[in-house]
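What follows is data-v6.txt (compact mmCIF, C-alpha atoms).
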```txt
# COMPACT_ATOMS: atom_id res chain seq x y z
CA MET B 5 -0.83 63.90 -55.50
CA PRO B 6 0.79 60.73 -54.07
CA GLU B 7 -0.25 59.62 -50.59
CA LYS B 8 2.28 60.45 -47.91
CA SER B 9 3.90 57.67 -45.88
CA PRO B 10 2.51 57.31 -42.35
CA LYS B 11 4.76 58.44 -39.51
CA LEU B 12 5.27 57.15 -35.99
CA VAL B 13 4.05 59.28 -33.08
CA SER B 14 7.61 59.36 -31.75
CA ALA B 15 8.89 61.00 -34.94
CA SER B 16 7.40 64.37 -33.95
CA ALA B 17 6.81 64.11 -30.18
CA ILE B 18 8.33 66.44 -27.61
CA GLU B 19 9.13 64.87 -24.25
CA LYS B 20 9.74 66.90 -21.11
CA HIS B 21 10.70 70.23 -22.68
CA VAL B 22 12.04 72.21 -19.70
CA TYR B 23 10.92 75.71 -18.71
CA LYS B 24 12.14 77.24 -15.44
CA VAL B 25 9.58 79.49 -13.73
CA PHE B 26 10.82 82.98 -12.76
CA PRO B 27 9.10 85.86 -10.92
CA ASN B 28 8.00 87.53 -14.19
CA ASP B 29 5.88 84.40 -14.93
CA MET B 30 3.69 84.92 -11.86
CA ASN B 31 0.16 86.34 -11.69
CA SER B 32 -1.31 88.42 -8.86
CA HIS B 33 -2.23 85.21 -7.02
CA GLU B 34 1.46 84.21 -6.88
CA THR B 35 0.96 81.24 -9.22
CA VAL B 36 2.20 80.88 -12.78
CA PHE B 37 0.15 82.87 -15.30
CA GLY B 38 -2.02 80.36 -17.18
CA GLY B 39 -1.83 82.32 -20.43
CA MET B 40 1.94 81.90 -20.51
CA ILE B 41 1.59 78.13 -20.14
CA MET B 42 -1.08 78.04 -22.87
CA ALA B 43 1.08 80.10 -25.26
CA LYS B 44 4.08 77.83 -24.64
CA CYS B 45 1.90 74.77 -25.34
CA ASP B 46 0.64 76.34 -28.59
CA ARG B 47 4.20 77.01 -29.79
CA LEU B 48 5.37 73.51 -28.93
CA ALA B 49 2.27 71.95 -30.52
CA LEU B 50 3.18 73.88 -33.68
CA VAL B 51 6.59 72.21 -33.68
CA VAL B 52 4.94 68.77 -33.42
CA ALA B 53 2.52 69.61 -36.27
CA GLU B 54 5.26 70.95 -38.55
CA ARG B 55 7.57 68.02 -37.84
CA HIS B 56 4.78 65.60 -38.72
CA SER B 57 3.45 67.39 -41.79
CA ALA B 58 6.69 68.94 -43.13
CA HIS B 59 4.61 72.06 -43.90
CA VAL B 60 3.75 75.39 -42.36
CA CYS B 61 0.87 74.87 -39.92
CA VAL B 62 -1.64 77.09 -38.17
CA THR B 63 -3.69 76.62 -35.04
CA ALA B 64 -7.29 75.83 -36.01
CA ALA B 65 -8.74 75.04 -32.58
CA VAL B 66 -7.83 74.65 -28.95
CA ASP B 67 -10.12 72.70 -26.73
CA SER B 68 -10.31 70.87 -23.48
CA ILE B 69 -7.73 72.97 -21.66
CA HIS B 70 -7.84 71.75 -18.11
CA PHE B 71 -5.83 73.40 -15.36
CA ARG B 72 -5.49 70.62 -12.81
CA ALA B 73 -3.22 72.31 -10.27
CA PRO B 74 -1.28 75.57 -9.99
CA ALA B 75 2.40 75.95 -10.77
CA LYS B 76 4.36 78.06 -8.31
CA GLY B 77 7.53 80.08 -8.08
CA ASN B 78 10.72 78.05 -8.37
CA ASP B 79 8.89 75.21 -10.16
CA THR B 80 10.30 73.76 -13.35
CA LEU B 81 7.66 73.04 -15.97
CA LEU B 82 7.98 69.92 -18.13
CA PHE B 83 6.00 70.05 -21.40
CA SER B 84 5.21 66.81 -23.26
CA LEU B 85 3.31 66.92 -26.55
CA SER B 86 2.53 64.38 -29.22
CA LEU B 87 0.37 63.90 -32.27
CA ASN B 88 -2.78 61.95 -31.39
CA ARG B 89 -4.32 61.63 -34.86
CA SER B 90 -4.48 63.19 -38.31
CA TRP B 91 -7.34 63.62 -40.79
CA GLY B 92 -6.78 65.11 -44.24
CA SER B 93 -5.01 68.40 -43.54
CA SER B 94 -5.72 68.55 -39.79
CA MET B 95 -3.93 67.07 -36.79
CA GLU B 96 -4.74 66.82 -33.10
CA ILE B 97 -1.84 67.33 -30.72
CA GLY B 98 -2.17 66.49 -27.03
CA ALA B 99 -0.26 68.47 -24.42
CA LYS B 100 0.56 67.56 -20.84
CA VAL B 101 2.39 69.89 -18.47
CA VAL B 102 3.95 68.75 -15.20
CA ALA B 103 5.37 71.05 -12.52
CA GLU B 104 8.48 69.76 -10.82
CA ASN B 105 9.97 71.02 -7.59
CA SER B 106 13.65 71.13 -8.53
CA TYR B 107 14.74 70.71 -4.91
CA THR B 108 12.58 67.75 -3.86
CA GLY B 109 11.83 66.14 -7.23
CA GLU B 110 8.09 66.15 -6.41
CA THR B 111 5.91 66.46 -9.54
CA ARG B 112 2.31 67.59 -10.15
CA HIS B 113 0.26 67.24 -13.35
CA ILE B 114 -0.90 70.84 -13.87
CA LEU B 115 -2.41 71.02 -17.37
CA SER B 116 -3.82 68.91 -20.20
CA ALA B 117 -4.98 70.35 -23.52
CA PHE B 118 -5.75 69.44 -27.12
CA PHE B 119 -4.75 71.55 -30.13
CA THR B 120 -5.93 71.15 -33.72
CA PHE B 121 -3.54 72.35 -36.42
CA VAL B 122 -3.99 72.54 -40.19
CA ALA B 123 -1.09 72.14 -42.63
CA LEU B 124 -0.84 74.68 -45.47
CA ASP B 125 0.78 74.51 -48.87
CA GLU B 126 2.83 77.30 -50.48
CA ASN B 127 -0.46 79.05 -51.47
CA ASP B 128 -1.81 78.95 -47.91
CA LYS B 129 -4.33 76.24 -48.86
CA PRO B 130 -4.87 73.17 -46.66
CA ILE B 131 -2.75 70.21 -47.72
CA ASP B 132 -3.03 66.56 -46.70
CA VAL B 133 -0.68 65.29 -44.02
CA PRO B 134 0.62 61.78 -43.33
CA ALA B 135 -1.37 59.37 -41.20
CA VAL B 136 0.06 58.74 -37.75
CA ILE B 137 1.02 55.33 -36.37
CA PRO B 138 0.46 54.90 -32.62
CA GLU B 139 3.23 52.81 -31.06
CA THR B 140 2.01 52.10 -27.52
CA SER B 141 -1.28 51.17 -25.88
CA LYS B 142 -1.50 54.71 -24.45
CA GLN B 143 -0.98 56.19 -27.93
CA ARG B 144 -3.63 53.84 -29.37
CA GLN B 145 -6.06 55.06 -26.69
CA ARG B 146 -5.24 58.71 -27.54
CA PHE B 147 -5.72 57.88 -31.23
CA ALA B 148 -9.23 56.49 -30.56
CA ASN B 149 -10.17 59.32 -28.18
CA ALA B 150 -9.08 61.91 -30.74
CA GLU B 151 -11.76 60.67 -33.14
CA ILE B 152 -14.42 61.10 -30.42
CA ARG B 153 -13.26 64.68 -29.77
CA ARG B 154 -13.23 65.42 -33.53
CA GLU B 155 -16.79 64.12 -33.92
CA GLY B 156 -17.82 66.42 -31.05
CA ARG B 157 -16.10 69.43 -32.64
CA LEU B 158 -17.76 68.76 -36.02
CA LYS B 159 -21.19 68.26 -34.42
CA THR B 160 -20.84 71.50 -32.46
CA ARG B 161 -19.72 73.37 -35.59
CA ALA B 162 -22.74 72.06 -37.53
CA GLN B 163 -25.13 73.01 -34.71
CA LEU B 164 -23.65 76.52 -34.46
CA ALA B 165 -23.86 76.97 -38.24
CA LYS B 166 -27.54 76.00 -38.12
CA VAL B 167 -28.20 78.52 -35.34
CA SER B 168 -26.36 81.19 -37.35
CA ASP B 169 -28.46 80.34 -40.43
CA ASP B 170 -31.63 80.59 -38.33
CA ASP B 171 -30.57 84.09 -37.19
CA LYS B 172 -30.63 85.33 -40.81
CA ASP B 173 -34.44 85.46 -40.81
```

Can you dump the structure from the file as structure tokens?
Amino acid sequence: MPEKSPKLVSASAIEKHVYKVFPNDMNSHETVFGGMIMAKCDRLALVVAERHSAHVCVTAAVDSIHFRAPAKGNDTLLFSLSLNRSWGSSMEIGAKVVAENSYTGETRHILSAFFTFVALDENDKPIDVPAVIPETSKQRQRFANAEIRREGRLKTRAQLAKVSDDDKD
């Protein structure tokens, strides 16, 4: 199979996707339900992965979800997601969510997360995706950091597999 041409980060990125918070988005603490924000990030990360790969993709892992501050009623949420790096059939997508007060313009960084997606062929088998080309110094930093996170995920997976194998005795 011929190698796919690399793609720029900007070719699949989502910048400041707008979501207006309404009362049905609130939890019992009167802040925005974190699960709703996570689900929205997962759906938008899927769009980034499918734009980059031009294939159906599935979520393989979600890690490093950090809630930095609460979102509140009447906030507008701004979702920004981009591909950090790709390896074979997998891709890491970074998500950042900012809450904006629509009346004052004040913003707060409320969430950062990393999603790993795998591209699938028509037989639901993993298929290679294009490499990604970082365009800015920030994107180059995300590209390098993605490799560190991947190494950590693979090391953890290997350690857990060993523990599982030890349990078979």

>> as a list in words, please: the residues near Ser9 in chain B (cut-off 12 Å, all atoms listed in the file, same-chain neighbours under 3 positions excluded).
In response: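 Selected residues are Pro6, Leu12, His56, Ser57, Ala58, Asp132, Val133, Pro134, Ala135, Val136 and Ile137 of chain B.
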
>> For a test of reading the model, state the distance in Å between CA of Phe37 in chain B and CA of Phe119 in chain B, rounded to one decimal.
In response: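 According to the coordinates, CA of Phe37 in chain B and CA of Phe119 in chain B are separated by 19.3 Å.
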
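The closest residue to Pro10 in chain B, picked from B:Thr160, B:Thr111, B:Asn105, B:Ser90 and counting all atoms listed in the file, is B:Ser90.
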
Tell me which protein, DNA and RNA residues are within 10 Å of range 145-154 of chain B, counting only C-alpha atoms, leaving out same-chain ones fewer than 3 positions away, and put them as a CSV table (one decimal) with C-alpha atoms, in the frame of the given file.
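Generated output (part35.csv):
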```csv
chain,number,residue,atom,x,y,z
B,67,ASP,CA,-10.1,72.7,-26.7
B,68,SER,CA,-10.3,70.9,-23.5
B,86,SER,CA,2.5,64.4,-29.2
B,87,LEU,CA,0.4,63.9,-32.3
B,88,ASN,CA,-2.8,62.0,-31.4
B,89,ARG,CA,-4.3,61.6,-34.9
B,90,SER,CA,-4.5,63.2,-38.3
B,91,TRP,CA,-7.3,63.6,-40.8
B,95,MET,CA,-3.9,67.1,-36.8
B,96,GLU,CA,-4.7,66.8,-33.1
B,97,ILE,CA,-1.8,67.3,-30.7
B,98,GLY,CA,-2.2,66.5,-27.0
B,118,PHE,CA,-5.8,69.4,-27.1
B,120,THR,CA,-5.9,71.2,-33.7
B,136,VAL,CA,0.1,58.7,-37.8
B,137,ILE,CA,1.0,55.3,-36.4
B,138,PRO,CA,0.5,54.9,-32.6
B,140,THR,CA,2.0,52.1,-27.5
B,141,SER,CA,-1.3,51.2,-25.9
B,142,LYS,CA,-1.5,54.7,-24.4
B,157,ARG,CA,-16.1,69.4,-32.6
B,158,LEU,CA,-17.8,68.8,-36.0
B,159,LYS,CA,-21.2,68.3,-34.4
B,160,THR,CA,-20.8,71.5,-32.5
```

> So, counting all atoms listed in the file, which residue among B:Glu155, B:Glu34, B:Glu139, B:Asp46 is closest to Cys61 in chain B?
Replying inline: B:Asp46

>> Could you list, as number ranges by chain, every residue within 7 Å of range 20-26 of chain B, counting only C-alpha atoms and ignoring same-chain residues fewer than 2 positions away?
In response: B: 18, 28-29, 77-84

Please produce an output containing C-alpha atoms for each residue in the selection, written as a short mmCIF file (atom, residue, chain, number, x, y, z; two decimals), in the frame of the given file.
```
data_model
loop_
_atom_site.label_atom_id
_atom_site.label_comp_id
_atom_site.auth_asym_id
_atom_site.auth_seq_id
_atom_site.Cartn_x
_atom_site.Cartn_y
_atom_site.Cartn_z
CA ILE B 18 8.33 66.44 -27.61
CA ASN B 28 8.00 87.53 -14.19
CA ASP B 29 5.88 84.40 -14.93
CA GLY B 77 7.53 80.08 -8.08
CA ASN B 78 10.72 78.05 -8.37
CA ASP B 79 8.89 75.21 -10.16
CA THR B 80 10.30 73.76 -13.35
CA LEU B 81 7.66 73.04 -15.97
CA LEU B 82 7.98 69.92 -18.13
CA PHE B 83 6.00 70.05 -21.40
CA SER B 84 5.21 66.81 -23.26
#
```

> Looking at B:Ile69, B:Thr108, B:Lys8, B:Gln143, which one is nearest to Ala43 in chain B, with distances taken over all atoms listed in the file?
Replying inline: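 Comparing B:Ile69, B:Thr108, B:Lys8, B:Gln143 against Ala43 in chain B, the winner is B:Ile69.
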
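One finds CA of Cys45 in chain B at 23.6 Å from CA of Asp125 in chain B.
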
> Restricting the calculation to only C-alpha atoms, which member of B:Leu115, B:Ile131, B:Ala73, B:Ala17 is positioned closest to Met42 in chain B?
Replying inline: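 Checking each of B:Leu115, B:Ile131, B:Ala73, B:Ala17 against Met42 in chain B, counting only C-alpha atoms, the winner is B:Leu115.
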
>> Here is a test: counting only C-alpha atoms, which residue of B:Phe71, B:Val51, B:Leu164, B:Val62 is nearest to Arg112 in chain B?
In response: B:Phe71

Starting from 4 Å padding per side, set up an axis-aligned box that covers all listed atoms of range 33-37 of chain B and hand over centre and edge lengths in Å, one decimal, as lines of an AutoDock Vina configuration file.
```
center_x = 0.0
center_y = 83.0
center_z = -11.1
size_x = 12.4
size_y = 12.3
size_z = 16.4
```

> With only C-alpha atoms as the atoms that count, which of B:Gly92, B:Gly109, B:Ala123, B:Ala75 lies nearest to Ile41 in chain B?
Replying inline: B:Ala75

> To one decimal place, how far is CA of Pro27 in chain B from CA of Glu104 in chain B in Å?
Replying inline: 16.1 Å
